[in-house]
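Structure below is target_11.pdb: PDB, C-alpha atoms.
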ATOM      1  CA  MET A   1      71.605 149.496  70.793
ATOM      2  CA  PRO A   2      68.116 150.562  69.751
ATOM      3  CA  LEU A   3      67.764 151.849  66.191
ATOM      4  CA  LYS A   4      69.072 155.364  65.632
ATOM      5  CA  LEU A   5      66.670 156.113  62.797
ATOM      6  CA  VAL A   6      63.997 154.297  60.841
ATOM      7  CA  ARG A   7      63.523 155.907  57.433
ATOM      8  CA  VAL A   8      61.393 155.442  54.350
ATOM      9  CA  ASP A   9      63.035 156.606  51.133
ATOM     10  CA  ASP A  10      62.167 155.016  47.802
ATOM     11  CA  ARG A  11      65.588 155.997  46.484
ATOM     12  CA  LEU A  12      67.222 154.156  49.441
ATOM     13  CA  ILE A  13      70.868 155.274  49.511
ATOM     14  CA  HIS A  14      71.496 158.296  47.355
ATOM     15  CA  GLY A  15      73.739 161.320  47.176
ATOM     16  CA  GLN A  16      74.763 163.021  50.344
ATOM     17  CA  VAL A  17      71.351 162.566  51.934
ATOM     18  CA  VAL A  18      72.266 159.364  53.721
ATOM     19  CA  ALA A  19      75.702 160.693  54.805
ATOM     20  CA  VAL A  20      74.098 163.688  56.504
ATOM     21  CA  TRP A  21      71.477 161.537  58.265
ATOM     22  CA  LEU A  22      74.123 159.067  59.448
ATOM     23  CA  ARG A  23      76.106 161.899  61.037
ATOM     24  CA  ALA A  24      72.994 163.562  62.449
ATOM     25  CA  VAL A  25      71.849 160.442  64.304
ATOM     26  CA  GLY A  26      75.254 158.892  64.995
ATOM     27  CA  ALA A  27      74.694 155.541  63.288
ATOM     28  CA  ASP A  28      77.575 153.374  62.125
ATOM     29  CA  ARG A  29      75.808 151.093  59.711
ATOM     30  CA  ILE A  30      72.884 150.989  57.311
ATOM     31  CA  VAL A  31      70.410 148.128  57.369
ATOM     32  CA  ILE A  32      68.099 147.959  54.368
ATOM     33  CA  VAL A  33      64.932 145.881  54.595
ATOM     34  CA  ASP A  34      63.330 145.344  51.201
ATOM     35  CA  ASP A  35      62.357 142.054  49.555
ATOM     36  CA  LYS A  36      62.954 143.272  46.001
ATOM     37  CA  THR A  37      66.407 144.629  46.801
ATOM     38  CA  ALA A  38      67.381 141.526  48.774
ATOM     39  CA  GLN A  39      66.589 139.350  45.767
ATOM     40  CA  ASN A  40      68.467 141.480  43.202
ATOM     41  CA  GLU A  41      72.252 141.197  43.443
ATOM     42  CA  PHE A  42      72.783 144.096  41.038
ATOM     43  CA  LEU A  43      70.640 146.417  43.151
ATOM     44  CA  ARG A  44      72.568 145.335  46.241
ATOM     45  CA  ASP A  45      75.906 146.037  44.534
ATOM     46  CA  VAL A  46      74.744 149.483  43.447
ATOM     47  CA  LEU A  47      73.626 150.407  46.955
ATOM     48  CA  VAL A  48      76.829 149.200  48.584
ATOM     49  CA  LEU A  49      78.754 151.399  46.120
ATOM     50  CA  ALA A  50      76.483 154.338  46.854
ATOM     51  CA  ALA A  51      76.986 154.253  50.607
ATOM     52  CA  PRO A  52      79.509 156.595  52.229
ATOM     53  CA  GLN A  53      82.937 155.000  52.299
ATOM     54  CA  GLY A  54      83.512 152.890  55.369
ATOM     55  CA  THR A  55      79.840 152.505  56.265
ATOM     56  CA  PRO A  56      78.709 148.867  56.156
ATOM     57  CA  VAL A  57      75.447 148.214  54.328
ATOM     58  CA  GLU A  58      73.372 145.124  55.125
ATOM     59  CA  VAL A  59      70.436 144.111  52.924
ATOM     60  CA  TYR A  60      67.642 141.750  54.013
ATOM     61  CA  GLY A  61      64.191 140.630  53.013
ATOM     62  CA  LEU A  62      61.387 141.269  55.469
ATOM     63  CA  THR A  63      61.672 138.193  57.713
ATOM     64  CA  GLU A  64      65.483 138.105  57.957
ATOM     65  CA  GLY A  65      65.411 141.887  58.432
ATOM     66  CA  ALA A  66      63.124 141.646  61.441
ATOM     67  CA  ALA A  67      65.395 138.990  62.961
ATOM     68  CA  ARG A  68      68.559 141.021  62.314
ATOM     69  CA  VAL A  69      67.064 144.168  63.879
ATOM     70  CA  ALA A  70      66.171 142.179  67.007
ATOM     71  CA  GLU A  71      69.790 140.981  67.135
ATOM     72  CA  LEU A  72      71.112 144.533  66.731
ATOM     73  CA  ALA A  73      69.015 145.764  69.662
ATOM     74  CA  SER A  74      71.278 143.864  72.036
ATOM     75  CA  SER A  75      74.575 144.675  70.307
ATOM     76  CA  PRO A  76      76.701 147.807  70.764
ATOM     77  CA  THR A  77      76.383 148.679  67.101
ATOM     78  CA  SER A  78      74.207 151.667  66.151
ATOM     79  CA  ALA A  79      72.114 151.111  63.055
ATOM     80  CA  PHE A  80      70.000 153.149  60.693
ATOM     81  CA  LEU A  81      67.105 151.160  59.268
ATOM     82  CA  LEU A  82      66.121 152.050  55.712
ATOM     83  CA  MET A  83      63.222 150.865  53.550
ATOM     84  CA  ARG A  84      61.393 151.905  50.400
ATOM     85  CA  THR A  85      57.823 152.101  51.627
ATOM     86  CA  PRO A  86      55.857 152.607  54.858
ATOM     87  CA  VAL A  87      54.178 149.271  54.155
ATOM     88  CA  THR A  88      57.476 147.556  55.064
ATOM     89  CA  ALA A  89      57.580 149.574  58.287
ATOM     90  CA  LEU A  90      54.118 148.303  59.191
ATOM     91  CA  ARG A  91      55.069 144.690  58.427
ATOM     92  CA  LEU A  92      58.171 145.043  60.592
ATOM     93  CA  ARG A  93      56.085 146.341  63.477
ATOM     94  CA  GLU A  94      53.670 143.459  63.010
ATOM     95  CA  LEU A  95      56.678 141.114  63.240
ATOM     96  CA  GLY A  96      57.557 142.631  66.592
ATOM     97  CA  VAL A  97      60.180 145.233  65.664
ATOM     98  CA  GLN A  98      59.853 148.267  67.969
ATOM     99  CA  PHE A  99      60.337 151.866  66.930
ATOM    100  CA  ASP A 100      58.625 155.026  68.179
ATOM    101  CA  MET A 101      59.275 157.178  65.158
ATOM    102  CA  LEU A 102      59.172 156.600  61.421
ATOM    103  CA  ASN A 103      60.894 159.187  59.259
ATOM    104  CA  VAL A 104      59.354 159.439  55.804
ATOM    105  CA  GLY A 105      61.851 161.171  53.565
ATOM    106  CA  GLY A 106      61.256 160.144  49.968
ATOM    107  CA  LEU A 107      58.285 158.764  48.108
ATOM    108  CA  GLY A 108      58.119 159.614  44.417
ATOM    109  CA  ALA A 109      55.102 160.700  42.406
ATOM    110  CA  GLY A 110      53.430 158.366  39.912
ATOM    111  CA  PRO A 111      50.108 156.863  38.825
ATOM    112  CA  GLY A 112      47.947 155.995  41.811
ATOM    113  CA  ARG A 113      50.124 158.079  44.124
ATOM    114  CA  ARG A 114      48.582 161.101  45.818
ATOM    115  CA  PRO A 115      50.786 164.121  46.715
ATOM    116  CA  LEU A 116      51.127 164.472  50.479
ATOM    117  CA  TYR A 117      53.822 167.055  51.206
ATOM    118  CA  LYS A 118      56.539 168.593  48.985
ATOM    119  CA  ASN A 119      57.854 165.738  46.862
ATOM    120  CA  ILE A 120      56.332 162.998  49.015
ATOM    121  CA  SER A 121      53.393 161.128  47.457
ATOM    122  CA  ALA A 122      51.681 157.937  48.596
ATOM    123  CA  THR A 123      49.356 155.179  47.418
ATOM    124  CA  ASP A 124      46.188 154.363  49.349
ATOM    125  CA  GLU A 125      47.915 151.296  50.784
ATOM    126  CA  GLU A 126      50.807 153.429  52.039
ATOM    127  CA  LEU A 127      48.431 156.011  53.546
ATOM    128  CA  ALA A 128      46.586 153.220  55.367
ATOM    129  CA  ALA A 129      49.901 151.801  56.608
ATOM    130  CA  MET A 130      50.971 155.186  58.011
ATOM    131  CA  ARG A 131      47.608 155.588  59.759
ATOM    132  CA  THR A 132      47.882 152.112  61.280
ATOM    133  CA  LEU A 133      51.445 152.815  62.436
ATOM    134  CA  GLU A 134      50.220 155.944  64.229
ATOM    135  CA  GLU A 135      47.445 153.911  65.890
ATOM    136  CA  MET A 136      50.114 151.429  67.014
ATOM    137  CA  GLY A 137      52.001 154.262  68.712
ATOM    138  CA  THR A 138      54.690 154.969  66.099
ATOM    139  CA  LYS A 139      54.854 158.662  65.228
ATOM    140  CA  VAL A 140      55.126 159.151  61.474
ATOM    141  CA  GLU A 141      57.073 162.283  60.543
ATOM    142  CA  LEU A 142      57.785 163.654  57.068
ATOM    143  CA  ARG A 143      61.284 165.100  56.829
ATOM    144  CA  ILE A 144      63.340 164.890  53.654
ATOM    145  CA  VAL A 145      66.744 166.081  54.866
ATOM    146  CA  ALA A 146      67.985 166.235  58.456
ATOM    147  CA  ASP A 147      68.072 170.067  58.381
ATOM    148  CA  ASP A 148      64.368 170.365  57.528
ATOM    149  CA  HIS A 149      61.825 170.622  60.299
ATOM    150  CA  GLY A 150      59.667 167.515  60.549
ATOM    151  CA  VAL A 151      56.005 167.598  59.594
ATOM    152  CA  PRO A 152      53.686 165.207  61.446
ATOM    153  CA  PHE A 153      51.874 162.870  59.045
ATOM    154  CA  ALA A 154      48.614 163.536  60.889
ATOM    155  CA  SER A 155      48.782 167.205  59.920
ATOM    156  CA  VAL A 156      48.943 166.479  56.158
ATOM    157  CA  ASP A 157      46.624 163.470  56.081
ATOM    158  CA  LYS A 158      43.402 164.712  54.544
ATOM    159  CA  ARG A 159      40.996 161.846  54.632
TER
ATOM    160  CA  MET B   1      64.223 156.726  14.269
ATOM    161  CA  SER B   2      67.443 155.788  12.468
ATOM    162  CA  TRP B   3      70.792 157.329  13.272
ATOM    163  CA  GLU B   4      70.884 158.850   9.773
ATOM    164  CA  SER B   5      67.533 160.597  10.015
ATOM    165  CA  TRP B   6      68.335 161.875  13.517
ATOM    166  CA  ARG B   7      71.514 163.391  12.178
ATOM    167  CA  GLU B   8      69.721 164.954   9.235
ATOM    168  CA  GLN B   9      67.096 166.444  11.504
ATOM    169  CA  ASN B  10      69.586 167.832  13.953
ATOM    170  CA  GLY B  11      72.175 169.081  11.480
ATOM    171  CA  ALA B  12      74.880 167.713  13.709
ATOM    172  CA  MET B  13      78.495 167.506  12.683
ATOM    173  CA  ALA B  14      79.586 164.269  11.120
ATOM    174  CA  THR B  15      81.176 162.100  13.730
ATOM    175  CA  THR B  16      83.199 158.945  13.849
ATOM    176  CA  ARG B  17      82.053 158.385  17.418
ATOM    177  CA  ALA B  18      80.670 154.866  17.669
ATOM    178  CA  PHE B  19      78.484 155.434  20.718
ATOM    179  CA  ARG B  20      75.595 157.514  22.030
ATOM    180  CA  ILE B  21      76.131 159.926  24.921
ATOM    181  CA  VAL B  22      73.518 160.155  27.667
ATOM    182  CA  VAL B  23      74.073 162.770  30.383
ATOM    183  CA  ALA B  24      72.172 161.958  33.593
ATOM    184  CA  SER B  25      71.782 164.322  36.520
ATOM    185  CA  HIS B  26      69.721 165.722  39.355
ATOM    186  CA  GLY B  27      67.532 168.569  38.099
ATOM    187  CA  ASP B  28      68.578 170.577  35.046
ATOM    188  CA  LEU B  29      72.318 170.000  35.283
ATOM    189  CA  ALA B  30      72.488 167.481  32.427
ATOM    190  CA  ARG B  31      70.464 169.625  30.038
ATOM    191  CA  ALA B  32      72.486 172.734  30.994
ATOM    192  CA  MET B  33      75.846 170.964  30.717
ATOM    193  CA  LEU B  34      74.967 169.688  27.270
ATOM    194  CA  ASP B  35      73.886 173.199  26.221
ATOM    195  CA  SER B  36      77.184 174.579  27.478
ATOM    196  CA  ALA B  37      79.143 171.936  25.607
ATOM    197  CA  VAL B  38      77.314 172.877  22.408
ATOM    198  CA  MET B  39      78.208 176.512  23.043
ATOM    199  CA  ILE B  40      81.858 175.501  23.084
ATOM    200  CA  CYS B  41      82.162 172.818  20.416
ATOM    201  CA  GLY B  42      79.054 173.211  18.294
ATOM    202  CA  PRO B  43      76.219 170.698  17.881
ATOM    203  CA  VAL B  44      76.958 167.388  19.560
ATOM    204  CA  ALA B  45      75.721 164.417  17.578
ATOM    205  CA  ASP B  46      73.755 161.652  19.249
ATOM    206  CA  ALA B  47      73.721 163.094  22.765
ATOM    207  CA  VAL B  48      70.742 163.280  25.114
ATOM    208  CA  ALA B  49      70.230 164.770  28.597
ATOM    209  CA  VAL B  50      68.016 163.038  31.172
ATOM    210  CA  ASP B  51      67.193 165.262  34.129
ATOM    211  CA  LEU B  52      65.874 163.741  37.367
ATOM    212  CA  GLN B  53      62.878 165.725  38.593
ATOM    213  CA  PRO B  54      62.541 166.245  42.369
ATOM    214  CA  GLU B  55      59.341 164.234  42.658
ATOM    215  CA  GLN B  56      60.340 161.502  40.218
ATOM    216  CA  SER B  57      60.621 157.920  41.468
ATOM    217  CA  PRO B  58      63.729 155.871  40.606
ATOM    218  CA  GLU B  59      61.554 153.569  38.470
ATOM    219  CA  ALA B  60      60.231 156.463  36.394
ATOM    220  CA  TYR B  61      63.747 157.823  36.018
ATOM    221  CA  GLY B  62      64.959 154.388  34.914
ATOM    222  CA  GLN B  63      62.302 154.369  32.198
ATOM    223  CA  ALA B  64      63.394 157.806  31.022
ATOM    224  CA  LEU B  65      67.024 156.670  30.928
ATOM    225  CA  ARG B  66      66.261 153.513  28.969
ATOM    226  CA  SER B  67      64.216 155.559  26.523
ATOM    227  CA  ALA B  68      67.119 157.952  26.022
ATOM    228  CA  MET B  69      69.545 155.078  25.517
ATOM    229  CA  GLY B  70      67.497 153.962  22.540
ATOM    230  CA  ASP B  71      67.002 150.488  21.168
ATOM    231  CA  ASP B  72      69.078 150.468  17.991
ATOM    232  CA  GLY B  73      71.917 148.542  19.592
ATOM    233  CA  ARG B  74      74.364 151.454  19.518
ATOM    234  CA  PRO B  75      76.748 151.396  22.511
ATOM    235  CA  VAL B  76      75.980 154.003  25.173
ATOM    236  CA  LEU B  77      78.158 156.115  27.445
ATOM    237  CA  ILE B  78      76.147 157.335  30.432
ATOM    238  CA  LEU B  79      77.761 160.314  32.127
ATOM    239  CA  THR B  80      76.281 160.919  35.579
ATOM    240  CA  ASP B  81      76.664 163.918  37.854
ATOM    241  CA  LEU B  82      77.316 162.364  41.254
ATOM    242  CA  LEU B  83      78.640 159.036  42.498
ATOM    243  CA  GLY B  84      75.993 157.527  44.773
ATOM    244  CA  GLY B  85      73.222 159.843  43.600
ATOM    245  CA  THR B  86      69.960 158.468  42.238
ATOM    246  CA  PRO B  87      70.766 159.145  38.545
ATOM    247  CA  HIS B  88      74.032 157.264  39.018
ATOM    248  CA  ASN B  89      72.459 154.425  41.007
ATOM    249  CA  VAL B  90      69.767 153.907  38.404
ATOM    250  CA  ALA B  91      72.278 154.107  35.530
ATOM    251  CA  SER B  92      74.596 151.653  37.322
ATOM    252  CA  LEU B  93      71.778 149.192  37.676
ATOM    253  CA  ILE B  94      71.031 149.349  33.951
ATOM    254  CA  CYS B  95      74.744 148.948  33.267
ATOM    255  CA  LEU B  96      75.112 145.939  35.563
ATOM    256  CA  GLU B  97      72.053 144.257  34.098
ATOM    257  CA  SER B  98      73.498 144.548  30.590
ATOM    258  CA  ARG B  99      76.772 142.870  31.521
ATOM    259  CA  GLY B 100      77.228 139.713  29.479
ATOM    260  CA  THR B 101      74.680 140.787  26.865
ATOM    261  CA  VAL B 102      75.447 142.284  23.432
ATOM    262  CA  LEU B 103      74.563 145.761  24.732
ATOM    263  CA  SER B 104      77.623 147.832  25.490
ATOM    264  CA  ILE B 105      76.902 150.368  28.230
ATOM    265  CA  VAL B 106      79.509 152.306  30.171
ATOM    266  CA  CYS B 107      78.616 154.493  33.139
ATOM    267  CA  VAL B 108      80.977 157.150  34.535
ATOM    268  CA  SER B 109      80.173 159.415  37.484
ATOM    269  CA  GLY B 110      81.326 162.866  38.529
ATOM    270  CA  THR B 111      80.976 164.302  35.063
ATOM    271  CA  ASN B 112      82.413 167.756  34.543
ATOM    272  CA  LEU B 113      82.229 169.844  31.384
ATOM    273  CA  GLY B 114      85.780 168.865  30.437
ATOM    274  CA  MET B 115      84.770 165.204  30.390
ATOM    275  CA  LEU B 116      81.647 165.874  28.379
ATOM    276  CA  LEU B 117      83.663 167.778  25.792
ATOM    277  CA  GLU B 118      86.221 164.974  25.678
ATOM    278  CA  ALA B 119      83.476 162.437  25.087
ATOM    279  CA  ALA B 120      81.770 164.626  22.485
ATOM    280  CA  THR B 121      84.836 165.530  20.439
ATOM    281  CA  SER B 122      87.704 163.140  21.050
ATOM    282  CA  MET B 123      86.418 159.691  21.838
ATOM    283  CA  GLU B 124      85.728 157.192  19.106
ATOM    284  CA  SER B 125      84.866 154.077  21.041
ATOM    285  CA  LEU B 126      84.177 152.796  24.542
ATOM    286  CA  ASP B 127      87.266 150.616  24.828
ATOM    287  CA  ALA B 128      89.342 150.630  28.018
ATOM    288  CA  ASP B 129      91.926 153.121  26.712
ATOM    289  CA  SER B 130      89.216 155.562  25.665
ATOM    290  CA  ILE B 131      87.549 155.383  29.081
ATOM    291  CA  ALA B 132      90.898 155.907  30.784
ATOM    292  CA  GLY B 133      91.400 158.976  28.575
ATOM    293  CA  LEU B 134      87.959 160.244  29.591
ATOM    294  CA  GLU B 135      88.768 159.921  33.300
ATOM    295  CA  ALA B 136      92.126 161.607  32.743
ATOM    296  CA  ALA B 137      90.452 164.490  30.920
ATOM    297  CA  GLY B 138      88.061 164.923  33.826
ATOM    298  CA  ARG B 139      90.827 164.959  36.420
ATOM    299  CA  ALA B 140      93.116 167.179  34.351
ATOM    300  CA  SER B 141      90.438 169.852  34.263
ATOM    301  CA  ILE B 142      90.596 170.245  38.064
ATOM    302  CA  VAL B 143      93.412 172.712  38.775
ATOM    303  CA  ASP B 144      94.164 175.128  41.595
ATOM    304  CA  VAL B 145      95.311 178.027  39.467
ATOM    305  CA  MET B 146      97.797 180.004  41.585
ATOM    306  CA  PRO B 147     100.249 177.227  42.541
ATOM    307  CA  ARG B 148     100.344 176.258  38.879
ATOM    308  CA  VAL B 149     101.126 179.874  37.881
ATOM    309  CA  ASP B 150     103.839 180.283  40.559
ATOM    310  CA  ARG B 151     105.589 177.096  39.480
ATOM    311  CA  SER B 152     105.666 178.017  35.820
ATOM    312  CA  SER B 153     107.054 181.509  36.311
ATOM    313  CA  VAL B 154     110.061 180.375  38.407
TER
END

Show me this structure written as structure tokens.
Amino acid sequence: MPLKLVRVDDRLIHGQVVAVWLRAVGADRIVIVDDKTAQNEFLRDVLVLAAPQGTPVEVYGLTEGAARVAELASSPTSAFLLMRTPVTALRLRELGVQFDMLNVGGLGAGPGRRPLYKNISATDEELAAMRTLEEMGTKVELRIVADDHGVPFASVDKR
Amino acid sequence: MSWESWREQNGAMATTRAFRIVVASHGDLARAMLDSAVMICGPVADAVAVDLQPEQSPEAYGQALRSAMGDDGRPVLILTDLLGGTPHNVASLICLESRGTVLSIVCVSGTNLGMLLEAATSMESLDADSIAGLEAAGRASIVDVMPRVDRSSV
């Protein structure tokens, strides 16, 4: 089955946010693609514990993640793809993963990060990645929780 | 600063508690819960609140937590507000990373005021029995009042 949702959230799995999204899009598993998380067994353990009970969580680095998503496209399982930065989304697209919409839900503030919308900030590299994704035909939409209305990235991108 | 000078500065009650308390939550909950505990039991020695701000990244929050935990080697009990929430995830990570080292860090989620009071006034160490007592105190404070009243007046 094609991906139910592709989301950027630098907090990955947290609180009830993921539970609500899972129900809203009807996904039965979470697939995290993030090199740093894939290499850190403690981080993986924490995220598995944080997921809603009964929802499988798979964690991959970039290359294995792209391969796994391709596999999932032809399986009956419905997955929710989660990553920490839009840069990963761009890399996945460059590796051939298809998705028409990227949900950007959480990107914290910090040095070198410019505020974009509500509590979503981005580095120059992330802004460039979101612009490139749009050029490649993937709509980038900012929406923190499923109940919010989505805000198109193009409408908040002040060059 | 040293434990002794902190105590002097804060005029806190003498305590035999062998660990620091760190309350970790989304928004102002930790700070407010600690304030409420103080209202009930007086100044709480060696306790710090670390509130997660809405725009804060997990990394920044992790730094704030580590700062609050201190570096004097005193064991730490991290009380988080919500299992699976960012404060808990970040605290769990710090906890897991310290496993096997000399640092003793315990992290418990779903903190209610009853648990915080238990930790502040009745726990001396972070051994297994004490943690079990903490969990029991938390659960015991959750009561549907009317059925309890009906049963006792029969």

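Nearest residue to A:Gly105 among A:Val46, A:Val87, A:Val140, A:Ile30 is A:Val140, counting only C-alpha atoms.
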
Contact check, chain A to chain B, at most 6 Å, counting all atoms listed in the file, closest pairs as a tab-separated table:
residue	atom	partner	partner_atom	distance
A:His14	CA	B:Gly85	CA	4.4
A:Gly15	CA	B:Gly85	CA	3.9
A:Val46	CA	B:Asn89	CA	6.0
A:Ala50	CA	B:Gly84	CA	3.8
A:Gly108	CA	B:Ser57	CA	4.2
A:Ala109	CA	B:Glu55	CA	5.5
A:Asn119	CA	B:Glu55	CA	4.7

What separates atom CA of B:Leu116 and atom CA of B:Gly62 is a distance of 21.3 Å

Residues picked by the PyMOL selection byres ((chain A and resi 114) around 12) here, as a PyMOL selection string?
(chain A and resi 107-113+115-127+156-159) or (chain B and resi 55)

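The residues returned by the PyMOL selection byres ((chain B and resi 127-142) around 10) on the shown structure are Leu77, Val106, Cys107, Val108, Ser109, Gly110, Thr111, Asn112, Leu113, Gly114, Met115, Leu116, Leu117, Glu118, Ala119, Ser122, Met123, Glu124, Ser125, Leu126, Val143, Asp144 and Val145 of chain B.
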
A:Asp34 environment, 12 Å, all atoms listed in the file, sequence neighbours closer than 3 positions dropped, as a PyMOL selection string:
chain A and resi 8-12+31+37-40+43-44+58-66+81-89+91-92

Shell around B:Val48 at 10 Å using all atoms listed in the file, local window under 6 positions removed, as number ranges by chain
B: 20-24, 30-31, 34, 65, 68-69, 78

Grab the residues selected above and save them as a tab-separated table (two decimals), in the coordinates of the input with C-alpha atoms.
chain	number	residue	atom	x	y	z
B	20	ARG	CA	75.60	157.51	22.03
B	21	ILE	CA	76.13	159.93	24.92
B	22	VAL	CA	73.52	160.16	27.67
B	23	VAL	CA	74.07	162.77	30.38
B	24	ALA	CA	72.17	161.96	33.59
B	30	ALA	CA	72.49	167.48	32.43
B	31	ARG	CA	70.46	169.62	30.04
B	34	LEU	CA	74.97	169.69	27.27
B	65	LEU	CA	67.02	156.67	30.93
B	68	ALA	CA	67.12	157.95	26.02
B	69	MET	CA	69.54	155.08	25.52
B	78	ILE	CA	76.15	157.34	30.43

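Every protein or nucleic acid residue with an atom no more than 10 Å from A:Ala70, counting all atoms listed in the file and leaving out same-chain residues fewer than 4 positions away, appears here: Met1, Pro2, Leu3, Glu64, Gly65, Ala66, Ser74, Ser75, Gly96, Val97 and Gln98 of chain A.
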
Within 8 Å of A:Ala146, counting all atoms listed in the file, which residues show up once you throw out same-chain ones fewer than 4 positions away? Write them as number ranges by chain, please.
A: 20-21, 24

Keeping only C-alpha atoms, write those residues as a compact mmCIF listing (two decimals), keeping the file's coordinate frame.
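Done, and the output landed in result_9.txt:
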# COMPACT_ATOMS: atom_id res chain seq x y z
CA VAL A 20 74.10 163.69 56.50
CA TRP A 21 71.48 161.54 58.26
CA ALA A 24 72.99 163.56 62.45

So the first atom is atom CA of A:Ile13 and the second is atom CA of B:Ser25; what is the distance between them in Å, to one decimal place?
15.9 Å

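Take atom CA of A:Ser78 and atom CA of A:Ala27: the distance between them is 4.8 Å.
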
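Closest approach to B:Pro75 among B:Pro147, B:Phe19, B:Tyr61, B:Asp46 is made by B:Phe19 (distances from only C-alpha atoms).
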
Selected by the PyMOL selection byres ((chain A and resi 143) around 9) in the shown coordinates: which residues, as an MDAnalysis selection string?
chainID A and resid 103:106 141:142 144:152

Let me know the centre plus edge lengths, in Å and rounded to one decimal, of a box with edges along x, y and z that contains all listed atoms of stretch 100-110 of chain B and is padded by 8 Å on every side, as AutoDock Vina command-line options.
--center_x 77.9 --center_y 151.3 --center_z 31.0 --size_x 22.8 --size_y 39.2 --size_z 31.1

Please fill the gaps in stretch 122-136 of chain A so it has N, CA and C atoms, and write that as a PDB file, in the frame of the given file.
ATOM      1  N   ALA A 122      51.936 159.271  48.034  1.00  0.00           N
ATOM      2  CA  ALA A 122      51.681 157.937  48.596  1.00  0.00           C
ATOM      3  C   ALA A 122      50.486 157.273  47.933  1.00  0.00           C
ATOM      4  N   THR A 123      50.519 155.941  47.887  1.00  0.00           N
ATOM      5  CA  THR A 123      49.356 155.179  47.418  1.00  0.00           C
ATOM      6  C   THR A 123      48.389 155.038  48.585  1.00  0.00           C
ATOM      7  N   ASP A 124      47.177 154.581  48.282  1.00  0.00           N
ATOM      8  CA  ASP A 124      46.188 154.363  49.349  1.00  0.00           C
ATOM      9  C   ASP A 124      46.702 153.359  50.376  1.00  0.00           C
ATOM     10  N   GLU A 125      47.395 152.318  49.877  1.00  0.00           N
ATOM     11  CA  GLU A 125      47.915 151.296  50.784  1.00  0.00           C
ATOM     12  C   GLU A 125      48.951 151.910  51.735  1.00  0.00           C
ATOM     13  N   GLU A 126      49.779 152.796  51.202  1.00  0.00           N
ATOM     14  CA  GLU A 126      50.807 153.429  52.039  1.00  0.00           C
ATOM     15  C   GLU A 126      50.171 154.378  53.045  1.00  0.00           C
ATOM     16  N   LEU A 127      49.133 155.125  52.623  1.00  0.00           N
ATOM     17  CA  LEU A 127      48.431 156.011  53.546  1.00  0.00           C
ATOM     18  C   LEU A 127      47.828 155.191  54.683  1.00  0.00           C
ATOM     19  N   ALA A 128      47.186 154.086  54.339  1.00  0.00           N
ATOM     20  CA  ALA A 128      46.586 153.220  55.367  1.00  0.00           C
ATOM     21  C   ALA A 128      47.656 152.697  56.316  1.00  0.00           C
ATOM     22  N   ALA A 129      48.807 152.328  55.769  1.00  0.00           N
ATOM     23  CA  ALA A 129      49.901 151.801  56.608  1.00  0.00           C
ATOM     24  C   ALA A 129      50.365 152.860  57.592  1.00  0.00           C
ATOM     25  N   MET A 130      50.505 154.114  57.120  1.00  0.00           N
ATOM     26  CA  MET A 130      50.971 155.186  58.011  1.00  0.00           C
ATOM     27  C   MET A 130      49.942 155.448  59.106  1.00  0.00           C
ATOM     28  N   ARG A 131      48.655 155.393  58.750  1.00  0.00           N
ATOM     29  CA  ARG A 131      47.608 155.588  59.759  1.00  0.00           C
ATOM     30  C   ARG A 131      47.666 154.489  60.807  1.00  0.00           C
ATOM     31  N   THR A 132      47.823 153.238  60.346  1.00  0.00           N
ATOM     32  CA  THR A 132      47.882 152.112  61.280  1.00  0.00           C
ATOM     33  C   THR A 132      49.096 152.232  62.191  1.00  0.00           C
ATOM     34  N   LEU A 133      50.232 152.648  61.630  1.00  0.00           N
ATOM     35  CA  LEU A 133      51.445 152.815  62.436  1.00  0.00           C
ATOM     36  C   LEU A 133      51.201 153.827  63.549  1.00  0.00           C
ATOM     37  N   GLU A 134      50.534 154.933  63.214  1.00  0.00           N
ATOM     38  CA  GLU A 134      50.220 155.944  64.229  1.00  0.00           C
ATOM     39  C   GLU A 134      49.335 155.335  65.315  1.00  0.00           C
ATOM     40  N   GLU A 135      48.323 154.547  64.899  1.00  0.00           N
ATOM     41  CA  GLU A 135      47.445 153.911  65.890  1.00  0.00           C
ATOM     42  C   GLU A 135      48.225 152.968  66.791  1.00  0.00           C
ATOM     43  N   MET A 136      49.297 152.350  66.226  1.00  0.00           N
ATOM     44  CA  MET A 136      50.114 151.429  67.014  1.00  0.00           C
ATOM     45  C   MET A 136      51.108 152.168  67.907  1.00  0.00           C
TER      46      MET A 136
END
